[in-house]
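Just upload22.cif here, mmCIF, C-alpha atoms:
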```cif
data_protein
loop_
_atom_site.label_atom_id
_atom_site.label_comp_id
_atom_site.auth_asym_id
_atom_site.auth_seq_id
_atom_site.Cartn_x
_atom_site.Cartn_y
_atom_site.Cartn_z
CA MET H 203 110.54 129.32 86.33
CA LYS H 204 111.23 125.71 85.50
CA GLU H 205 110.29 123.02 87.97
CA ASP H 206 113.82 121.69 88.39
CA LEU H 207 115.04 125.18 89.28
CA GLN H 208 112.26 125.57 91.83
CA MET H 209 113.17 122.24 93.38
CA LYS H 210 116.83 123.24 93.44
CA LEU H 211 115.95 126.49 95.18
CA GLN H 212 113.99 124.61 97.81
CA ALA H 213 116.78 122.07 98.26
CA TYR H 214 119.16 125.01 98.75
CA LEU H 215 116.92 126.38 101.49
CA ASP H 216 116.77 122.97 103.16
CA GLY H 217 120.51 122.43 103.04
CA GLU H 218 120.17 119.42 100.79
CA LEU H 219 122.62 120.59 98.12
CA SER H 220 126.33 119.93 97.84
CA ALA H 221 128.69 122.89 98.27
CA GLY H 222 129.14 123.14 94.50
CA GLU H 223 125.42 123.10 93.78
CA ALA H 224 124.74 125.64 96.53
CA LYS H 225 127.34 127.98 95.01
CA ALA H 226 125.67 127.66 91.62
CA VAL H 227 122.28 128.52 93.15
CA LEU H 228 123.77 131.59 94.83
CA GLY H 229 125.07 132.78 91.45
CA TRP H 230 121.66 132.23 89.91
CA LEU H 231 119.91 134.07 92.75
CA ALA H 232 122.14 137.10 92.24
CA GLN H 233 120.82 137.44 88.70
CA ASP H 234 117.18 136.37 89.05
CA ALA H 235 114.74 138.55 90.97
CA ALA H 236 111.87 136.05 90.65
CA ALA H 237 114.05 133.36 92.22
CA ARG H 238 114.93 135.72 95.07
CA ASN H 239 111.26 136.48 95.69
CA LEU H 240 110.38 132.81 95.72
CA LEU H 241 113.19 132.12 98.14
CA VAL H 242 111.87 134.85 100.45
CA GLU H 243 108.41 133.29 100.41
CA LEU H 244 109.72 129.81 101.12
CA THR H 245 111.95 131.14 103.90
CA ASN H 246 109.07 133.03 105.56
CA THR H 247 106.81 130.00 105.42
CA ARG H 248 109.46 127.74 106.85
CA ALA H 249 110.21 130.23 109.65
CA ALA H 250 106.51 130.44 110.53
CA LEU H 251 106.23 126.66 110.69
CA LEU H 252 109.41 126.23 112.70
CA SER H 253 108.09 128.59 115.36
CA HIS H 254 104.80 126.72 115.47
CA GLU H 255 104.21 124.75 118.59
CA SER H 256 100.97 122.94 118.87
CA GLU H 257 99.07 123.63 122.04
CA MET H 258 96.92 120.57 121.58
CA LYS H 259 96.34 118.74 124.82
CA VAL H 260 94.67 115.45 125.61
CA SER H 261 91.25 116.30 127.00
CA ASP H 262 90.95 113.02 128.94
CA SER H 263 92.14 112.89 132.53
CA ARG H 264 95.52 111.31 133.21
CA GLU H 265 93.89 108.29 134.84
CA PHE H 266 91.33 107.74 132.09
CA TYR H 267 93.87 108.09 129.30
CA TRP H 268 96.27 105.69 131.01
CA SER H 269 93.56 103.14 131.87
CA LYS H 270 93.03 102.23 128.20
CA ILE H 271 96.76 101.88 127.61
CA ARG H 272 97.15 99.72 130.73
CA ARG H 273 94.24 97.49 129.73
CA GLN H 274 95.76 96.93 126.29
CA ILE H 275 99.20 96.20 127.72
CA GLU H 276 97.77 93.75 130.23
CA GLY H 277 95.56 92.23 127.53
CA GLU H 278 98.57 91.69 125.27
CA ASP H 279 100.47 90.05 128.14
CA LYS H 280 97.58 87.64 128.73
CA ILE H 281 97.48 86.75 125.04
CA VAL H 282 101.19 85.98 125.09
CA ILE H 283 100.77 83.73 128.17
CA ALA H 284 97.74 82.02 126.63
CA THR H 285 99.65 81.46 123.41
CA LYS H 286 102.46 79.82 125.37
CA ARG H 287 99.97 77.53 127.11
CA ILE H 288 98.28 76.63 123.86
CA SER H 289 101.57 75.78 122.22
CA LEU H 290 102.42 73.37 125.06
CA MET H 291 99.00 71.76 124.71
CA ASP H 292 99.54 71.64 120.97
CA ARG H 293 102.75 69.71 121.41
CA ILE H 294 101.07 67.17 123.70
CA HIS H 295 98.15 66.99 121.31
CA ARG H 296 100.46 66.28 118.39
CA LEU H 297 101.91 63.32 120.25
CA LEU H 298 98.63 62.01 121.61
CA VAL H 299 96.64 62.01 118.38
CA PRO H 300 98.77 59.58 116.36
CA ALA H 301 99.41 57.38 119.40
CA GLY H 302 95.69 57.26 120.16
CA ALA H 303 94.81 56.53 116.55
CA ALA H 304 97.32 53.69 116.39
CA ALA H 305 95.93 52.24 119.62
CA ALA H 306 92.36 52.46 118.30
CA VAL H 307 93.33 50.65 115.09
CA PHE H 308 95.08 47.97 117.10
CA VAL H 309 92.08 47.44 119.40
CA ALA H 310 89.71 47.33 116.43
CA VAL H 311 91.84 44.73 114.68
CA MET H 312 92.13 42.63 117.82
CA LEU H 313 88.38 42.71 118.37
CA ALA H 314 87.75 41.76 114.75
CA LEU H 315 89.99 38.71 115.00
CA PRO H 316 88.12 35.42 115.58
CA ARG H 317 89.36 33.52 118.63
CA THR H 318 90.92 30.16 117.78
CA ASN H 319 92.04 27.46 120.13
CA GLY H 320 95.59 26.18 120.15
CA VAL H 321 98.86 27.78 119.19
CA GLY H 322 99.77 28.46 115.60
CA ASP H 323 99.24 30.68 112.63
CA GLY H 324 95.80 31.30 111.27
CA PHE H 325 93.90 33.09 108.52
CA ALA H 326 90.55 34.54 109.23
CA ASP H 327 87.85 36.19 107.25
CA ALA H 328 86.97 39.25 109.29
CA GLY H 329 83.38 39.11 108.15
CA ASP H 330 84.03 41.46 105.28
CA ALA H 331 84.31 40.06 101.79
CA VAL H 332 87.34 42.28 101.04
CA ALA H 333 89.25 42.07 104.36
CA PHE H 334 91.45 39.21 105.53
CA THR H 335 93.62 38.90 108.58
CA TYR H 336 96.62 36.75 109.34
CA HIS H 337 97.71 36.24 112.94
CA ASN H 338 100.95 34.68 114.12
CA TYR H 339 100.48 33.76 117.78
CA ASP H 340 104.17 33.08 118.38
CA SER H 341 105.34 36.49 117.36
CA GLY H 342 102.08 38.20 118.26
CA THR H 343 101.89 39.71 114.74
CA THR H 344 98.65 40.49 112.98
CA LEU H 345 98.43 41.45 109.31
CA VAL H 346 95.29 42.80 107.72
CA TRP H 347 94.63 42.84 103.94
CA LEU H 348 92.11 45.31 102.75
CA ASP H 349 90.89 45.10 99.19
CA TYR H 350 90.02 48.74 98.50
CA PRO H 351 86.83 49.42 96.53
CA ALA H 352 88.72 51.95 94.36
CA GLU H 353 90.24 49.02 92.54
CA ASN H 354 86.82 47.70 91.58
CA ASP H 355 85.17 48.49 88.31
CA LEU H 356 82.12 49.70 90.18
CA SER H 357 84.16 52.22 92.12
CA GLU H 358 85.74 53.57 88.97
CA MET H 359 82.32 54.08 87.49
CA GLU H 360 81.20 55.91 90.60
CA LEU H 361 84.31 58.08 90.42
CA ASP H 362 83.62 58.96 86.79
CA ASP H 363 80.15 60.10 87.79
CA THR H 364 81.59 62.71 90.09
CA LEU H 365 83.73 64.38 87.44
CA ASP H 366 82.34 66.92 85.07
CA LEU H 367 84.00 65.67 81.91
CA MET Z 102 112.60 100.32 141.83
CA ALA Z 103 110.53 100.70 144.97
CA ASP Z 104 112.63 103.67 146.13
CA MET Z 105 112.30 105.57 142.88
CA ASP Z 106 110.88 109.06 143.01
CA TYR Z 107 108.94 108.79 139.79
CA THR Z 108 108.03 112.44 139.41
CA ALA Z 109 111.63 113.57 139.87
CA ALA Z 110 113.23 110.79 137.83
CA GLN Z 111 114.77 111.49 134.42
CA ASP Z 112 113.21 109.94 131.31
CA ALA Z 113 116.18 107.60 130.95
CA GLU Z 114 115.66 106.26 134.49
CA LEU Z 115 111.96 105.78 133.87
CA VAL Z 116 112.68 104.00 130.59
CA GLN Z 117 115.13 101.70 132.37
CA ALA Z 118 112.59 100.91 135.08
CA SER Z 119 109.85 100.38 132.49
CA ARG Z 120 112.05 97.90 130.67
CA GLN Z 121 112.11 95.87 133.84
CA GLY Z 122 108.33 95.80 133.86
CA ASP Z 123 107.67 98.79 136.11
CA MET Z 124 104.32 100.07 134.88
CA VAL Z 125 104.29 102.97 137.33
CA ALA Z 126 107.44 104.29 135.68
CA PHE Z 127 105.89 103.88 132.25
CA GLU Z 128 102.72 105.64 133.35
CA GLN Z 129 104.91 108.56 134.44
CA LEU Z 130 106.43 108.71 130.94
CA VAL Z 131 102.96 108.65 129.42
CA ALA Z 132 101.79 111.46 131.70
CA ARG Z 133 104.83 113.57 130.82
CA HIS Z 134 104.71 113.23 127.06
CA ARG Z 135 101.15 112.32 126.16
CA ASP Z 136 100.28 115.84 124.96
CA LYS Z 137 103.20 115.96 122.53
CA ILE Z 138 102.44 112.51 121.12
CA TYR Z 139 98.76 113.33 120.84
CA ALA Z 140 99.49 116.71 119.21
CA ARG Z 141 101.62 115.05 116.54
CA ALA Z 142 98.90 112.47 115.85
CA TYR Z 143 96.32 115.24 115.64
CA MET Z 144 98.49 117.29 113.30
CA MET Z 145 98.55 114.37 110.89
CA MET Z 146 95.03 113.03 111.27
CA ARG Z 147 93.05 116.24 111.97
CA ASN Z 148 90.59 114.23 114.04
CA GLU Z 149 90.55 114.33 117.82
CA GLU Z 150 89.15 110.85 118.42
CA GLU Z 151 91.49 109.18 115.94
CA ALA Z 152 94.44 111.09 117.36
CA ILE Z 153 93.61 109.92 120.89
CA ASP Z 154 93.27 106.28 119.77
CA LEU Z 155 96.46 106.35 117.74
CA SER Z 156 98.43 108.05 120.48
CA GLN Z 157 97.28 105.39 122.96
CA GLU Z 158 98.17 102.65 120.50
CA ALA Z 159 101.59 104.24 120.15
CA TRP Z 160 102.13 104.02 123.91
CA VAL Z 161 101.19 100.34 123.88
CA LYS Z 162 103.66 99.73 121.05
CA GLY Z 163 106.25 101.79 122.90
CA TRP Z 164 105.89 99.54 125.95
CA GLN Z 165 106.20 96.40 123.82
CA ARG Z 166 109.29 97.70 122.00
CA LEU Z 167 111.14 99.27 124.90
CA VAL Z 168 113.96 96.77 124.51
CA GLN Z 169 114.56 98.18 121.04
CA PHE Z 170 115.03 101.72 122.33
CA GLN Z 171 118.79 102.27 122.30
CA GLY Z 172 118.76 105.85 123.50
CA GLU Z 173 120.26 107.19 120.26
CA SER Z 174 117.52 109.80 120.17
CA SER Z 175 115.41 111.17 123.00
CA PHE Z 176 112.56 109.04 124.27
CA THR Z 177 110.00 111.55 122.94
CA THR Z 178 111.60 111.53 119.48
CA TRP Z 179 111.44 107.74 119.50
CA MET Z 180 107.81 107.77 120.62
CA THR Z 181 106.95 110.44 118.05
CA ARG Z 182 108.31 108.22 115.28
CA ILE Z 183 106.11 105.38 116.52
CA VAL Z 184 102.98 107.52 116.46
CA ILE Z 185 103.88 108.94 113.03
CA ASN Z 186 104.24 105.45 111.61
CA LEU Z 187 100.88 104.47 113.06
CA CYS Z 188 99.31 107.58 111.54
CA LEU Z 189 100.88 106.80 108.16
CA ASP Z 190 99.50 103.25 108.32
CA GLN Z 191 96.08 104.63 109.16
CA LEU Z 192 96.23 107.16 106.33
CA ARG Z 193 97.23 104.41 103.89
CA LYS Z 194 94.32 102.26 105.03
CA ARG Z 195 92.00 105.21 104.62
CA LYS Z 196 93.38 105.89 101.16
CA ARG Z 197 92.86 102.29 100.11
CA GLN Z 198 89.28 102.47 101.36
CA ARG Z 199 88.66 105.60 99.35
CA ALA Z 200 90.43 104.06 96.36
CA GLU Z 201 92.25 107.32 96.01
CA SER Z 202 95.49 106.87 94.11
CA ILE Z 203 98.68 108.66 95.00
CA GLU Z 204 99.21 109.28 91.31
CA ALA Z 205 96.01 111.27 91.16
CA MET Z 206 97.26 113.39 94.00
CA GLU Z 207 100.54 113.88 92.20
CA GLU Z 208 98.73 115.27 89.21
CA GLU Z 209 96.85 117.63 91.45
CA SER Z 210 100.13 119.02 92.76
CA GLY Z 211 101.99 118.71 89.50
CA GLY Z 212 101.74 122.26 88.31
CA VAL Z 213 99.27 124.33 90.29
CA GLU Z 214 101.88 125.48 92.78
CA ARG Z 215 104.05 126.82 90.00
CA GLN Z 216 101.26 129.12 88.84
CA MET Z 217 100.67 130.70 92.26
CA PRO Z 218 101.80 134.29 92.65
CA VAL Z 219 104.66 134.68 95.10
CA VAL Z 220 103.57 136.02 98.51
CA MET Z 221 105.90 138.96 98.92
CA VAL Z 222 104.81 140.18 102.34
CA ASN Z 223 105.45 137.95 105.30
CA PRO Z 224 101.88 137.06 106.27
CA THR Z 225 102.82 136.04 109.79
CA GLU Z 226 104.71 139.21 110.60
CA GLN Z 227 103.63 141.03 113.76
CA MET Z 228 101.28 138.25 114.60
CA GLU Z 229 100.82 137.22 118.21
CA ARG Z 230 102.17 133.80 119.03
CA ALA Z 231 98.74 132.42 119.91
CA GLU Z 232 97.21 133.91 116.77
CA LEU Z 233 99.98 132.49 114.62
CA ARG Z 234 99.41 129.07 116.16
CA VAL Z 235 95.71 129.14 115.29
CA ARG Z 236 96.40 130.38 111.75
CA ILE Z 237 98.99 127.73 111.01
CA ASP Z 238 96.76 125.06 112.48
CA GLU Z 239 93.89 126.16 110.26
CA ALA Z 240 96.09 126.27 107.18
CA LEU Z 241 97.53 122.82 107.91
CA GLY Z 242 93.99 121.50 108.07
CA LYS Z 243 93.38 122.71 104.52
CA LEU Z 244 96.26 120.74 103.03
CA SER Z 245 95.79 117.25 101.65
CA GLU Z 246 96.97 114.37 103.84
CA ALA Z 247 100.01 113.70 101.66
CA HIS Z 248 101.14 117.32 101.62
CA ARG Z 249 100.52 117.82 105.32
CA THR Z 250 102.44 114.65 106.14
CA VAL Z 251 105.50 115.66 104.19
CA LEU Z 252 105.42 119.09 105.81
CA VAL Z 253 105.12 117.62 109.31
CA LEU Z 254 107.98 115.20 108.72
CA HIS Z 255 110.24 117.89 107.30
CA GLU Z 256 109.44 120.96 109.37
CA PHE Z 257 108.53 119.41 112.70
CA GLU Z 258 110.44 116.15 112.70
CA HIS Z 259 113.39 117.68 110.81
CA MET Z 260 113.73 114.65 108.59
CA GLU Z 261 115.87 114.75 105.44
CA TYR Z 262 114.32 114.19 102.02
CA LYS Z 263 115.67 110.65 101.74
CA ASN Z 264 114.28 109.64 105.14
CA ILE Z 265 110.88 111.12 104.33
CA ALA Z 266 110.89 109.20 101.06
CA LYS Z 267 111.68 105.99 102.94
CA THR Z 268 109.01 106.64 105.56
CA MET Z 269 106.37 107.57 103.01
CA LYS Z 270 107.46 104.88 100.56
CA CYS Z 271 107.82 107.27 97.64
CA SER Z 272 110.63 108.83 95.62
CA ILE Z 273 112.76 111.79 96.73
CA GLY Z 274 111.39 113.70 93.73
CA THR Z 275 107.85 113.17 95.01
CA VAL Z 276 108.89 114.36 98.46
CA MET Z 277 110.41 117.53 97.01
CA SER Z 278 107.40 118.20 94.84
CA ARG Z 279 104.95 117.67 97.70
CA LEU Z 280 107.00 119.79 100.06
CA PHE Z 281 107.20 122.61 97.53
CA TYR Z 282 103.47 122.50 96.94
CA ALA Z 283 102.71 122.32 100.66
CA ARG Z 284 104.89 125.34 101.42
CA ARG Z 285 103.46 127.43 98.62
CA LYS Z 286 99.95 126.48 99.59
CA MET Z 287 100.68 127.34 103.23
CA ALA Z 288 102.02 130.76 102.20
CA SER Z 289 98.91 131.36 100.15
CA LEU Z 290 96.56 130.16 102.90
CA LEU Z 291 98.25 132.27 105.55
CA GLN Z 292 98.01 135.28 103.24
CA ASP Z 293 94.31 134.60 102.63
CA LEU Z 294 93.63 134.26 106.32
CA LYS Z 295 95.31 137.60 106.95
CA THR Z 296 93.50 139.46 104.18
CA SER Z 297 90.11 137.93 105.06
CA GLU Z 298 90.11 139.62 108.48
#
```
Please rewrite the model in this file as structure tokens.
Amino acid sequence: MKEDLQMKLQAYLDGELSAGEAKAVLGWLAQDAAARNLLVELTNTRAALLSHESEMKVSDSREFYWSKIRRQIEGEDKIVIATKRISLMDRIHRLLVPAGAAAAVFVAVMLALPRTNGVGDGFADAGDAVAFTYHNYDSGTTLVWLDYPAENDLSEMELDDTLDL
Amino acid sequence: MADMDYTAAQDAELVQASRQGDMVAFEQLVARHRDKIYARAYMMMRNEEEAIDLSQEAWVKGWQRLVQFQGESSFTTWMTRIVINLCLDQLRKRKRQRAESIEAMEEESGGVERQMPVVMVNPTEQMERAELRVRIDEALGKLSEAHRTVLVLHEFEHMEYKNIAKTMKCSIGTVMSRLFYARRKMASLLQDLKTSE
């Protein structure tokens, strides 16, 4: 018997065929003894399985079985609460980090500035050959120029050394 | 909630109370249906320890997803679907670990069942209920995971081909082929068990 016919027979048994297809299968069954025998086998097997009720029971006591479930549920709840707390801390952290960094830069710049007497603008060499500061005392503005080493020939050479060309 | 008689309450009442965070109500649901959920897990996994773990995991998931339970099916049907999905996930993981391809399994079932002689006598006829249960259980244990799963979903969960295909992430043709093989193999195994007495 061809596979598609076997599948059709099974689909007939399972009620998965349209009315037209089911009628065609009935006509085929009337003429084919092998198909009838196969249908009997499939029907018997299905009937046996349908009547099957597993008697499997949990061997653990009610309390013991439940205790693991309860622990997991309570554990999950704690994780959710902890996650909420962390996200609040994260938000504060996100605000504090840039503000703190900006403050640190400002303090560092202020400390690096040489104190001059009198009121007015002034340039200062911050002790570094490639850093200059300009301070306007009236507006309280400080500008810092940094001459990055990457622009130097030496730095480019060092950079080339790190690449495997 | 405090006045609820948990042991006398209907499932729907216990579900409602559980949704509001009443763990005593949920524990009552677990106590009522744990055997059924465990039995379904065992039927699929064939391993007591795994079945216990998966059934407990299913209850945890059930608690977490209670808001999603609309009452369209019974609570046990809903819980059974959760445990079946967990079992399927576990079987997939196991399959990946074994590097066992579904295609290989398909080949195994691709023609053997068509060669089997038809079992003409009903092998389960005149069998005691308890005896039949043991026989079927034994025979189910001899099927491959894929064939057993399709059989469980169709015969015990009464799922249609298309829903089984969706659940198992395969084609309807594969479902039909596996189901056919599983049934024929079951018939043969039940026959063997009877004649080997």
Reference answer for the PyMOL selection byres ((chain Z) within 7 of (chain H)), as a PDB file with C-alpha atoms, in the frame of the given file:
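Below you can see expr_26.pdb, which holds the result:
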```pdb
ATOM      1  CA  GLU Z 128     102.720 105.640 133.350  1.00  0.00           C
ATOM      2  CA  ALA Z 132     101.790 111.460 131.700  1.00  0.00           C
ATOM      3  CA  ASP Z 136     100.280 115.840 124.960  1.00  0.00           C
ATOM      4  CA  TYR Z 139      98.760 113.330 120.840  1.00  0.00           C
ATOM      5  CA  ALA Z 140      99.490 116.710 119.210  1.00  0.00           C
ATOM      6  CA  GLN Z 157      97.280 105.390 122.960  1.00  0.00           C
ATOM      7  CA  TRP Z 160     102.130 104.020 123.910  1.00  0.00           C
ATOM      8  CA  VAL Z 161     101.190 100.340 123.880  1.00  0.00           C
ATOM      9  CA  VAL Z 219     104.660 134.680  95.100  1.00  0.00           C
ATOM     10  CA  VAL Z 220     103.570 136.020  98.510  1.00  0.00           C
ATOM     11  CA  MET Z 221     105.900 138.960  98.920  1.00  0.00           C
ATOM     12  CA  ASN Z 223     105.450 137.950 105.300  1.00  0.00           C
ATOM     13  CA  THR Z 225     102.820 136.040 109.790  1.00  0.00           C
ATOM     14  CA  ARG Z 234      99.410 129.070 116.160  1.00  0.00           C
ATOM     15  CA  GLU Z 256     109.440 120.960 109.370  1.00  0.00           C
ATOM     16  CA  PHE Z 257     108.530 119.410 112.700  1.00  0.00           C
ATOM     17  CA  MET Z 277     110.410 117.530  97.010  1.00  0.00           C
ATOM     18  CA  ARG Z 284     104.890 125.340 101.420  1.00  0.00           C
ATOM     19  CA  ALA Z 288     102.020 130.760 102.200  1.00  0.00           C
TER      20      ALA Z 288
END
```
Worksheet item: Just how far from CA of Ala159 in chain Z is CA of Ile183 in chain Z, in Å to one decimal?
Response: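 So the answer is 5.9 Å.
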Fill in: Expected selection from the PyMOL selection byres ((chain Z and resi 267-270) around 10), given as a ChimeraX atom specification
/Z:182,185-186,189-190,193,247,250-251,254,260,262-266,271-273,275-276
Can you translate the PyMOL selection byres ((chain Z and resi 117-125) around 9) into the concrete residues it hits in this file, as a short mmCIF file (atom, residue, chain, number, x, y, z; two decimals) with C-alpha atoms, keeping the file's coordinate frame?
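Output saved as expr06.cif:
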```cif
data_model
loop_
_atom_site.label_atom_id
_atom_site.label_comp_id
_atom_site.auth_asym_id
_atom_site.auth_seq_id
_atom_site.Cartn_x
_atom_site.Cartn_y
_atom_site.Cartn_z
CA ARG H 272 97.15 99.72 130.73
CA MET Z 102 112.60 100.32 141.83
CA TYR Z 107 108.94 108.79 139.79
CA ASP Z 112 113.21 109.94 131.31
CA ALA Z 113 116.18 107.60 130.95
CA GLU Z 114 115.66 106.26 134.49
CA LEU Z 115 111.96 105.78 133.87
CA VAL Z 116 112.68 104.00 130.59
CA ALA Z 126 107.44 104.29 135.68
CA PHE Z 127 105.89 103.88 132.25
CA GLU Z 128 102.72 105.64 133.35
CA GLN Z 129 104.91 108.56 134.44
CA LEU Z 130 106.43 108.71 130.94
CA TRP Z 164 105.89 99.54 125.95
CA LEU Z 167 111.14 99.27 124.90
CA VAL Z 168 113.96 96.77 124.51
#
```
Worksheet, complete the sentence: Using only C-alpha atoms, the shortest atom-to-atom distance to Ser278 in chain Z among Z:Ala152, Z:Ile138, Z:Leu252, Z:Ala231 belongs to Z:Leu252
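Going from CA of Leu313 in chain H to CA of His337 in chain H covers 12.6 Å.
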Worksheet item: Suppose you want the space between CA of Arg135 in chain Z and CA of Ser156 in chain Z; what is it in Å?
Response: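 Between these atoms lies a distance of 7.6 Å.
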